[in-house]
file start.pdb (PDB, C-alpha atoms)
ATOM      1  CA  MET T   1     -20.853 -62.695  -6.012
ATOM      2  CA  ALA T   2     -20.208 -65.212  -3.242
ATOM      3  CA  ASP T   3     -23.302 -67.191  -4.275
ATOM      4  CA  ASP T   4     -22.155 -67.437  -7.904
ATOM      5  CA  VAL T   5     -19.543 -70.164  -7.441
ATOM      6  CA  THR T   6     -18.558 -72.642 -10.137
ATOM      7  CA  PRO T   7     -19.256 -76.240  -8.979
ATOM      8  CA  LEU T   8     -16.127 -78.137  -8.047
ATOM      9  CA  ALA T   9     -15.069 -81.238  -9.946
ATOM     10  CA  SER T  10     -13.311 -84.365  -8.679
ATOM     11  CA  LEU T  11     -10.003 -85.572 -10.085
ATOM     12  CA  SER T  12     -11.028 -89.157 -10.825
ATOM     13  CA  LEU T  13      -7.464 -90.414 -11.386
ATOM     14  CA  THR T  14      -7.213 -91.496  -7.742
ATOM     15  CA  HIS T  15     -10.862 -91.108  -6.703
ATOM     16  CA  VAL T  16     -12.119 -94.573  -5.722
ATOM     17  CA  TYR T  17     -15.535 -95.379  -4.269
ATOM     18  CA  TYR T  18     -15.611 -98.109  -1.618
ATOM     19  CA  ASN T  19     -17.703 -99.306   1.308
ATOM     20  CA  PRO T  20     -16.219 -97.755   4.494
ATOM     21  CA  ASP T  21     -17.788-100.512   6.610
ATOM     22  CA  ASP T  22     -16.057-103.282   4.650
ATOM     23  CA  PRO T  23     -12.290-103.822   5.265
ATOM     24  CA  ILE T  24     -11.986-105.831   2.039
ATOM     25  CA  SER T  25     -13.530-102.946   0.131
ATOM     26  CA  LEU T  26     -10.900-100.616   1.603
ATOM     27  CA  LEU T  27      -8.148-103.045   0.556
ATOM     28  CA  CYS T  28      -9.598-103.114  -2.951
ATOM     29  CA  ALA T  29      -9.558 -99.322  -3.025
ATOM     30  CA  TRP T  30      -5.837 -99.390  -2.276
ATOM     31  CA  LEU T  31      -5.298-102.079  -4.936
ATOM     32  CA  ALA T  32      -6.940 -99.719  -7.424
ATOM     33  CA  LEU T  33      -3.944 -97.408  -6.975
ATOM     34  CA  VAL T  34      -1.415-100.039  -8.102
ATOM     35  CA  PRO T  35      -1.293 -98.758 -11.734
ATOM     36  CA  GLN T  36      -0.471 -95.237 -10.534
ATOM     37  CA  ALA T  37       2.193 -96.621  -8.222
ATOM     38  CA  LEU T  38       3.703 -98.628 -11.091
ATOM     39  CA  CYS T  39       3.881 -95.476 -13.224
ATOM     40  CA  VAL T  40       5.861 -93.791 -10.456
ATOM     41  CA  VAL T  41       8.167 -96.830 -10.312
ATOM     42  CA  TYR T  42       8.629 -96.759 -14.092
ATOM     43  CA  VAL T  43       9.588 -93.082 -14.176
ATOM     44  CA  THR T  44      11.857 -93.421 -11.139
ATOM     45  CA  LEU T  45      13.716 -96.382 -12.627
ATOM     46  CA  ILE T  46      14.082 -94.706 -16.012
ATOM     47  CA  TRP T  47      15.510 -91.558 -14.454
ATOM     48  CA  SER T  48      17.801 -93.338 -11.989
ATOM     49  CA  THR T  49      19.102 -96.162 -14.197
ATOM     50  CA  ARG T  50      18.722 -94.710 -17.736
ATOM     51  CA  GLU T  51      18.068 -98.287 -18.867
ATOM     52  CA  ALA T  52      16.663 -98.790 -22.377
ATOM     53  CA  GLU T  53      14.810-101.962 -21.351
ATOM     54  CA  VAL T  54      12.862-100.116 -18.647
ATOM     55  CA  ALA T  55      12.034 -97.290 -21.057
ATOM     56  CA  LEU T  56      10.863 -99.805 -23.679
ATOM     57  CA  MET T  57       8.647-101.550 -21.140
ATOM     58  CA  PHE T  58       7.096 -98.233 -20.095
ATOM     59  CA  ALA T  59       6.541 -97.310 -23.746
ATOM     60  CA  GLY T  60       4.736-100.623 -24.203
ATOM     61  CA  GLN T  61       2.671 -99.912 -21.091
ATOM     62  CA  LEU T  62       1.568 -96.571 -22.541
ATOM     63  CA  ALA T  63       0.784 -98.228 -25.881
ATOM     64  CA  CYS T  64      -1.340-100.769 -24.000
ATOM     65  CA  GLU T  65      -3.277 -97.900 -22.417
ATOM     66  CA  ALA T  66      -3.830 -96.417 -25.874
ATOM     67  CA  VAL T  67      -5.219 -99.768 -27.049
ATOM     68  CA  ASN T  68      -7.585 -99.806 -24.057
ATOM     69  CA  PHE T  69      -8.741 -96.262 -24.863
ATOM     70  CA  ILE T  70      -9.570 -97.288 -28.436
ATOM     71  CA  LEU T  71     -11.272-100.559 -27.451
ATOM     72  CA  LYS T  72     -13.552 -98.831 -24.955
ATOM     73  CA  ARG T  73     -14.746 -96.380 -27.570
ATOM     74  CA  LEU T  74     -15.260 -99.087 -30.156
ATOM     75  CA  ILE T  75     -17.174-101.485 -27.876
ATOM     76  CA  LYS T  76     -19.014 -98.810 -25.844
ATOM     77  CA  GLU T  77     -20.181-101.149 -23.089
ATOM     78  CA  GLU T  78     -21.330 -99.386 -19.946
ATOM     79  CA  ARG T  79     -20.147-100.137 -16.428
ATOM     80  CA  PRO T  80     -22.365-102.075 -13.982
ATOM     81  CA  ALA T  81     -25.550-100.232 -13.019
ATOM     82  CA  ARG T  82     -24.387 -99.756  -9.413
ATOM     83  CA  ILE T  83     -21.384 -97.639 -10.416
ATOM     84  CA  HIS T  84     -22.613 -96.330 -13.781
ATOM     85  CA  LYS T  85     -23.579 -92.902 -12.437
ATOM     86  CA  THR T  86     -20.321 -92.369 -10.571
ATOM     87  CA  GLY T  87     -17.758 -94.241 -12.681
ATOM     88  CA  LYS T  88     -16.606 -92.254 -15.687
ATOM     89  CA  GLY T  89     -16.159 -93.773 -19.127
ATOM     90  CA  TYR T  90     -17.037 -97.140 -20.580
ATOM     91  CA  GLY T  91     -16.344-100.406 -18.814
ATOM     92  CA  MET T  92     -15.232-102.812 -21.567
ATOM     93  CA  PRO T  93     -12.417-103.758 -21.231
ATOM     94  CA  SER T  94     -11.214-102.938 -17.709
ATOM     95  CA  SER T  95      -8.240-100.595 -17.971
ATOM     96  CA  HIS T  96      -6.940-101.632 -14.540
ATOM     97  CA  ALA T  97      -6.952-105.317 -15.460
ATOM     98  CA  GLN T  98      -5.330-104.634 -18.818
ATOM     99  CA  PHE T  99      -2.657-102.430 -17.240
ATOM    100  CA  VAL T 100      -1.579-104.803 -14.484
ATOM    101  CA  PHE T 101      -1.624-107.910 -16.664
ATOM    102  CA  PHE T 102       0.520-106.183 -19.273
ATOM    103  CA  TRP T 103       2.986-105.292 -16.507
ATOM    104  CA  ALA T 104       2.994-108.775 -14.964
ATOM    105  CA  VAL T 105       3.393-110.638 -18.260
ATOM    106  CA  ALA T 106       5.983-108.184 -19.619
ATOM    107  CA  LEU T 107       7.989-108.502 -16.406
ATOM    108  CA  GLY T 108       7.758-112.293 -16.551
ATOM    109  CA  LEU T 109       8.876-112.387 -20.191
ATOM    110  CA  PHE T 110      11.842-110.195 -19.361
ATOM    111  CA  LEU T 111      12.910-112.237 -16.339
ATOM    112  CA  LEU T 112      12.409-115.653 -17.938
ATOM    113  CA  ALA T 113      13.153-115.105 -21.632
ATOM    114  CA  ARG T 114      15.336-112.027 -22.024
ATOM    115  CA  HIS T 115      17.284-111.537 -18.802
ATOM    116  CA  LYS T 116      20.486-113.583 -18.998
ATOM    117  CA  PRO T 117      22.461-112.844 -15.813
ATOM    118  CA  ILE T 118      26.185-113.401 -16.063
ATOM    119  CA  SER T 119      27.190-116.404 -13.998
ATOM    120  CA  PRO T 120      30.156-116.105 -11.634
ATOM    121  CA  SER T 121      33.446-117.185 -13.203
ATOM    122  CA  LYS T 122      34.703-120.631 -12.292
ATOM    123  CA  ASN T 123      37.967-118.945 -11.452
ATOM    124  CA  THR T 124      36.337-116.812  -8.779
ATOM    125  CA  LYS T 125      37.628-117.700  -5.336
ATOM    126  CA  THR T 126      34.746-118.561  -3.038
ATOM    127  CA  ARG T 127      36.394-119.030   0.340
ATOM    128  CA  SER T 128      34.597-117.107   3.040
ATOM    129  CA  ASN T 129      37.951-116.077   4.519
ATOM    130  CA  ALA T 130      39.189-114.531   1.285
ATOM    131  CA  ARG T 131      41.280-111.396   1.817
ATOM    132  CA  PRO T 132      42.253-108.536  -0.478
ATOM    133  CA  GLN T 133      45.816-109.860  -0.745
ATOM    134  CA  ASP T 134      44.451-113.133  -2.138
ATOM    135  CA  GLY T 135      43.874-111.339  -5.400
ATOM    136  CA  ILE T 136      40.085-111.531  -5.182
ATOM    137  CA  GLY T 137      38.198-108.357  -5.695
ATOM    138  CA  PRO T 138      36.248-106.033  -7.906
ATOM    139  CA  SER T 139      39.303-105.231 -10.035
ATOM    140  CA  SER T 140      38.241-108.264 -12.092
ATOM    141  CA  VAL T 141      34.944-106.676 -13.129
ATOM    142  CA  SER T 142      36.222-106.200 -16.670
ATOM    143  CA  ASN T 143      36.551-109.975 -16.904
ATOM    144  CA  GLN T 144      32.922-110.406 -15.732
ATOM    145  CA  ILE T 145      33.985-112.027 -12.474
ATOM    146  CA  THR T 146      31.513-111.467  -9.658
ATOM    147  CA  TYR T 147      32.983-110.518  -6.322
ATOM    148  CA  TYR T 148      30.941-112.059  -3.539
ATOM    149  CA  TYR T 149      33.112-112.214  -0.421
ATOM    150  CA  ARG T 150      34.666-109.414   1.534
ATOM    151  CA  TYR T 151      37.251-109.633   4.256
ATOM    152  CA  TYR T 152      35.790-108.719   7.628
ATOM    153  CA  LYS T 153      38.786-107.667   9.655
ATOM    154  CA  ASP T 154      39.044-108.964  13.210
ATOM    155  CA  ALA T 155      35.698-110.797  12.960
ATOM    156  CA  PRO T 156      35.432-114.312  14.418
ATOM    157  CA  ALA T 157      35.731-117.030  11.775
ATOM    158  CA  PRO T 158      32.124-118.314  12.152
ATOM    159  CA  LEU T 159      30.737-114.778  11.894
ATOM    160  CA  THR T 160      32.910-114.092   8.863
ATOM    161  CA  ALA T 161      31.638-117.222   7.120
ATOM    162  CA  ILE T 162      27.979-116.521   7.917
ATOM    163  CA  THR T 163      28.203-112.876   6.845
ATOM    164  CA  ALA T 164      29.943-113.797   3.612
ATOM    165  CA  ASP T 165      27.318-116.447   2.836
ATOM    166  CA  ILE T 166      24.509-113.939   3.415
ATOM    167  CA  GLU T 167      26.242-111.414   1.185
ATOM    168  CA  ARG T 168      26.757-113.997  -1.546
ATOM    169  CA  PHE T 169      23.104-115.081  -1.445
ATOM    170  CA  ALA T 170      21.833-111.493  -1.503
ATOM    171  CA  HIS T 171      23.882-110.419  -4.512
ATOM    172  CA  GLU T 172      24.388-113.460  -6.684
ATOM    173  CA  PRO T 173      22.380-113.555  -9.938
ATOM    174  CA  TRP T 174      18.857-114.891  -9.506
ATOM    175  CA  SER T 175      18.367-118.500 -10.531
ATOM    176  CA  PHE T 176      15.640-119.437 -13.001
ATOM    177  CA  ALA T 177      13.533-120.685 -10.091
ATOM    178  CA  GLN T 178      13.849-117.348  -8.273
ATOM    179  CA  ARG T 179      12.932-115.430 -11.411
ATOM    180  CA  SER T 180       9.961-117.748 -11.923
ATOM    181  CA  LEU T 181       8.808-117.074  -8.366
ATOM    182  CA  ALA T 182       9.070-113.299  -8.896
ATOM    183  CA  SER T 183       7.055-113.598 -12.124
ATOM    184  CA  PHE T 184       4.401-115.673 -10.348
ATOM    185  CA  CYS T 185       4.130-113.083  -7.554
ATOM    186  CA  ALA T 186       3.604-110.345 -10.158
ATOM    187  CA  LEU T 187       0.786-112.378 -11.723
ATOM    188  CA  VAL T 188      -0.811-112.920  -8.310
ATOM    189  CA  LEU T 189      -0.747-109.173  -7.620
ATOM    190  CA  ALA T 190      -2.242-108.498 -11.048
ATOM    191  CA  ALA T 191      -5.016-111.026 -10.354
ATOM    192  CA  PHE T 192      -5.869-109.345  -7.048
ATOM    193  CA  VAL T 193      -6.031-105.930  -8.702
ATOM    194  CA  ALA T 194      -8.293-107.277 -11.453
ATOM    195  CA  TRP T 195     -10.548-109.020  -8.894
ATOM    196  CA  SER T 196     -10.808-105.801  -6.874
ATOM    197  CA  ARG T 197     -12.486-104.051  -9.810
ATOM    198  CA  VAL T 198     -15.325-106.570  -9.701
ATOM    199  CA  TYR T 199     -15.567-106.435  -5.915
ATOM    200  CA  LEU T 200     -15.845-102.638  -5.934
ATOM    201  CA  GLY T 201     -18.511-102.829  -8.649
ATOM    202  CA  TYR T 202     -16.596-100.853 -11.275
ATOM    203  CA  HIS T 203     -16.643-103.716 -13.800
ATOM    204  CA  THR T 204     -18.430-106.955 -14.594
ATOM    205  CA  PRO T 205     -16.414-110.208 -14.542
ATOM    206  CA  LYS T 206     -16.557-110.290 -18.361
ATOM    207  CA  GLN T 207     -15.089-106.776 -18.629
ATOM    208  CA  VAL T 208     -12.251-107.730 -16.287
ATOM    209  CA  LEU T 209     -11.513-111.006 -18.100
ATOM    210  CA  VAL T 210     -11.388-109.229 -21.452
ATOM    211  CA  GLY T 211      -9.070-106.628 -19.922
ATOM    212  CA  CYS T 212      -6.773-109.375 -18.625
ATOM    213  CA  LEU T 213      -6.697-111.023 -22.050
ATOM    214  CA  ALA T 214      -6.003-107.703 -23.780
ATOM    215  CA  GLY T 215      -3.143-107.032 -21.356
ATOM    216  CA  VAL T 216      -1.595-110.456 -21.933
ATOM    217  CA  LEU T 217      -1.832-110.184 -25.732
ATOM    218  CA  SER T 218      -0.424-106.638 -25.644
ATOM    219  CA  ALA T 219       2.538-107.765 -23.524
ATOM    220  CA  VAL T 220       3.325-110.711 -25.798
ATOM    221  CA  GLY T 221       2.981-108.531 -28.887
ATOM    222  CA  TRP T 222       5.204-105.827 -27.410
ATOM    223  CA  PHE T 223       7.813-108.404 -26.438
ATOM    224  CA  GLY T 224       7.865-109.551 -30.066
ATOM    225  CA  ILE T 225       8.259-105.979 -31.305
ATOM    226  CA  THR T 226      11.152-105.262 -28.937
ATOM    227  CA  TYR T 227      12.765-108.580 -29.942
ATOM    228  CA  VAL T 228      12.756-107.434 -33.575
ATOM    229  CA  VAL T 229      14.052-104.001 -32.549
ATOM    230  CA  ARG T 230      16.968-105.662 -30.756
ATOM    231  CA  GLN T 231      17.745-108.274 -33.411
ATOM    232  CA  THR T 232      17.725-105.812 -36.303
ATOM    233  CA  GLY T 233      20.090-103.427 -34.523
ATOM    234  CA  LEU T 234      17.542-100.625 -34.257
ATOM    235  CA  LEU T 235      18.020-100.372 -30.498
ATOM    236  CA  ALA T 236      21.808-100.206 -30.824
ATOM    237  CA  PHE T 237      21.384 -97.523 -33.499
ATOM    238  CA  ALA T 238      19.016 -95.512 -31.292
ATOM    239  CA  LEU T 239      21.379 -95.704 -28.320
ATOM    240  CA  ASP T 240      24.151 -94.207 -30.469
ATOM    241  CA  LEU T 241      22.078 -91.163 -31.378
ATOM    242  CA  PRO T 242      23.178 -87.863 -29.790
ATOM    243  CA  VAL T 243      19.964 -87.495 -27.773
ATOM    244  CA  ALA T 244      20.445 -90.962 -26.248
ATOM    245  CA  ARG T 245      24.033 -90.110 -25.383
ATOM    246  CA  TRP T 246      22.975 -86.802 -23.836
ATOM    247  CA  PHE T 247      20.634 -88.668 -21.489
ATOM    248  CA  ARG T 248      23.229 -91.429 -20.906
ATOM    249  CA  LEU T 249      20.842 -94.182 -22.022
ATOM    250  CA  ARG T 250      22.326 -97.690 -21.913
ATOM    251  CA  ASP T 251      21.332-101.334 -22.199
ATOM    252  CA  LEU T 252      22.967-103.224 -19.349
ATOM    253  CA  VAL T 253      20.162-104.684 -17.246
ATOM    254  CA  VAL T 254      19.634-107.573 -19.673
ATOM    255  CA  GLU T 255      22.865-109.136 -18.408
ATOM    256  CA  GLU T 256      23.991-107.172 -15.364
ATOM    257  CA  ASP T 257      22.765-106.637 -11.840
ATOM    258  CA  LEU T 258      22.987-102.839 -11.708
ATOM    259  CA  CYS T 259      23.158-102.742  -7.918
ATOM    260  CA  GLN T 260      25.986-105.290  -7.869
ATOM    261  CA  ALA T 261      27.874-103.588 -10.710
ATOM    262  CA  GLY T 262      27.736-100.229  -8.927
ATOM    263  CA  TRP T 263      28.848-101.823  -5.665
ATOM    264  CA  GLU T 264      31.792-103.518  -7.406
ATOM    265  CA  LYS T 265      32.888-100.170  -8.817
ATOM    266  CA  TRP T 266      32.718 -98.685  -5.319
ATOM    267  CA  GLU T 267      34.754-101.564  -3.904
ATOM    268  CA  SER T 268      37.284-101.185  -6.715
ATOM    269  CA  ARG T 269      37.709 -97.505  -5.895
ATOM    270  CA  LYS T 270      38.226 -98.320  -2.222
ATOM    271  CA  GLY T 271      40.737-101.018  -3.153
ATOM    272  CA  VAL T 272      42.738 -98.595  -5.298
ATOM    273  CA  GLN T 273      42.662 -95.995  -2.522
ATOM    274  CA  ALA T 274      43.834 -98.558   0.036
ATOM    275  CA  ALA T 275      46.673 -99.649  -2.262
ATOM    276  CA  ASN T 276      47.727 -96.016  -2.761
ATOM    277  CA  ASP T 277      47.637 -95.424   1.001
ATOM    278  CA  ASP T 278      49.805 -98.503   1.579
ATOM    279  CA  LYS T 279      52.235 -97.331  -1.086
ATOM    280  CA  ASP T 280      52.472 -93.855   0.452
ATOM    281  CA  ALA T 281      52.994 -95.340   3.909
ATOM    282  CA  GLN T 282      55.769 -97.595   2.597
ATOM    283  CA  GLU T 283      57.477 -94.673   0.884
ATOM    284  CA  ARG T 284      57.369 -92.687   4.129
ATOM    285  CA  ARG T 285      58.898 -95.609   6.005
ATOM    286  CA  ASN T 286      61.632 -95.916   3.380
ATOM    287  CA  VAL T 287      62.426 -92.215   3.607
ATOM    288  CA  LYS T 288      62.511 -92.438   7.382
ATOM    289  CA  GLN T 289      64.885 -95.424   7.294
ATOM    290  CA  GLN T 290      67.133 -93.690   4.782
ATOM    291  CA  GLY T 291      67.269 -90.660   7.100
ATOM    292  CA  LYS T 292      68.293 -92.865  10.031
ATOM    293  CA  GLY T 293      71.004 -94.498   7.898
ATOM    294  CA  LYS T 294      72.493 -91.148   6.920
ATOM    295  CA  SER T 295      72.473 -90.018  10.554
ATOM    296  CA  LYS T 296      74.414 -93.109  11.621
ATOM    297  CA  ALA T 297      76.890 -92.717   8.765
ATOM    298  CA  SER T 298      77.616 -89.139   9.736
TER     299      SER T 298
END
call {"tool": "encode", "arguments": {"input": "start.pdb", "output": "C-alpha cells"}}
result
Amino acid sequence: MADDVTPLASLSLTHVYYNPDDPISLLCAWLALVPQALCVVYVTLIWSTREAEVALMFAGQLACEAVNFILKRLIKEERPARIHKTGKGYGMPSSHAQFVFFWAVALGLFLLARHKPISPSKNTKTRSNARPQDGIGPSSVSNQITYYYRYYKDAPAPLTAITADIERFAHEPWSFAQRSLASFCALVLAAFVAWSRVYLGYHTPKQVLVGCLAGVLSAVGWFGITYVVRQTGLLAFALDLPVARWFRLRDLVVEEDLCQAGWEKWESRKGVQAANDDKDAQERRNVKQQGKGKSKAS
C-alpha cells in the first residue's frame, strides 16, 4: 500500500524555474511574482477603501487575463524549446507582459487623465505658525479646504516651520509632474517584468512584445469603456443599488486623497473634543467663581 502512491503535482502559479548560480536569474524569478503581488494589492485596496475605481481597474485586469487566455488558444504558439517541457501552456502572447503593461498603462491613464485632485483653497491659511484659534482646521473639509499645518505646542519656531513644511509636502495633492513620474516608474517596473520572461527563457522576445502590446491596447480599451460607464451615469446608478450600499462602495478617489480625508476627519473629531473640554473647564470655573461669590455675600 505504501508503494502505491499517487505522484505529486506542482502548483505552477508561483513555481518559477531559474538558474541558482545567476543572481540576475534569481531577481527575474522574484519579478515573475509581481502579478500575484498586484492581485493581493488590488483585493486589499478594494476591501479597505471600497473604491469603485479600484474595483473597475481590477475588473479590467481580469478581463485582460481572459483576453490572454483566448489569444493563447487561438494562436497556439509554443514556448521556447528550453522551457517547453517544464513551462505549462502556450507562449504567445506572454501573460506576464500583458498583465503588467495593462496595470502600468491603466494606472498612468488614471493618474494623468482621470484623477483630478482638489487644489487647496486660496483662502486656506498657510502660515507655519497657524494655531487652532486662528480658525484654520479640518472643520472646513465640507468646503473642500485642505488643512496642511498643525500647531506644534511648545516647539521652537524653526522646528515648527520645518515640520509643517514636511507635513504639507507629504499630504498635498500630487502635481502633474509627480503623477507623471509615478506613471513612468510603473512602466519601468512593467518593462523589467516583461524582460525577465525572456531572460528566464519562458518566452521569446516576440511573445513578450505581443503581450506588451495586448496589455496596452486592453488598458486603453478598458479606460474608454469605463469613461462611457461614468459619462452615461451607469456607475452612479450601480453605486445606488442596494448591494453597492451594503458593501459601502463609493467613488471618491478620483478627486480626493483618501488618506488625507480620513486624517482631516480625525483632526476634526479631536478639535471638537478639545472645544468641548475647554467649554466644560470654563463652566467648572464659572461654577467655582459663583460659589466663592455666594460665600462672600453670606
call {"tool": "residues_around", "arguments": {"input": "start.pdb", "residues": "stretch 204-207 of chain T", "least_positions_apart": "2", "cutoff": "12 Å", "atoms": "only C-alpha atoms", "output": "ChimeraX atom specification"}}
result
/T:68,71-72,75-84,90-98,194-202,209-214
call {"tool": "axis_aligned_box", "arguments": {"input": "start.pdb", "around": "stretch 188-191 of chain T", "padding_each_side": "4 Å", "output": "AutoDock Vina command-line options"}}
result
--center_x -2.9 --center_y -110.7 --center_z -9.3 --size_x 12.3 --size_y 12.4 --size_z 11.4
call {"tool": "residues_around", "arguments": {"input": "start.pdb", "residues": "T:Leu56", "least_positions_apart": "6", "cutoff": "10 Å", "atoms": "all atoms listed in the file", "output": "list in words"}}
result
Ile46, Leu62, Trp222, Phe223, Thr226 and Leu235 of chain T
call {"tool": "atom_distance", "arguments": {"input": "start.pdb", "atom1": "atom CA of T:Gly271", "atom2": "atom CA of T:Lys116"}}
result
28.6 Å
call {"tool": "atom_distance", "arguments": {"input": "start.pdb", "atom1": "atom CA of T:Phe184", "atom2": "atom CA of T:Val16"}}
result
27.2 Å
call {"tool": "atom_distance", "arguments": {"input": "start.pdb", "atom1": "atom CA of T:Tyr42", "atom2": "atom CA of T:Arg179"}}
result
19.3 Å
call {"tool": "closest_residue", "arguments": {"input": "start.pdb", "among": "T:Ala29, T:Ala190, T:Ile24, T:Val254", "to": "T:Arg230", "atoms": "all atoms listed in the file"}}
result
T:Val254
call {"tool": "residues_around", "arguments": {"input": "start.pdb", "residues": "T:Gln61", "least_positions_apart": "2", "cutoff": "12 Å", "atoms": "all atoms listed in the file", "output": "VMD selection string"}}
result
chain T and resid 35 to 36 38 to 39 42 to 43 54 to 59 63 to 68 95 to 96 98 to 107 214 to 216 218 to 223
call {"tool": "closest_residue", "arguments": {"input": "start.pdb", "among": "T:Ser175, T:Ser180, T:Asn276, T:Thr49", "to": "T:Gly108", "atoms": "only C-alpha atoms"}}
result
T:Ser180
call {"tool": "closest_residue", "arguments": {"input": "start.pdb", "among": "T:Val34, T:Leu249, T:Ile70, T:Leu26", "to": "T:Ala191", "atoms": "only C-alpha atoms"}}
result
T:Val34
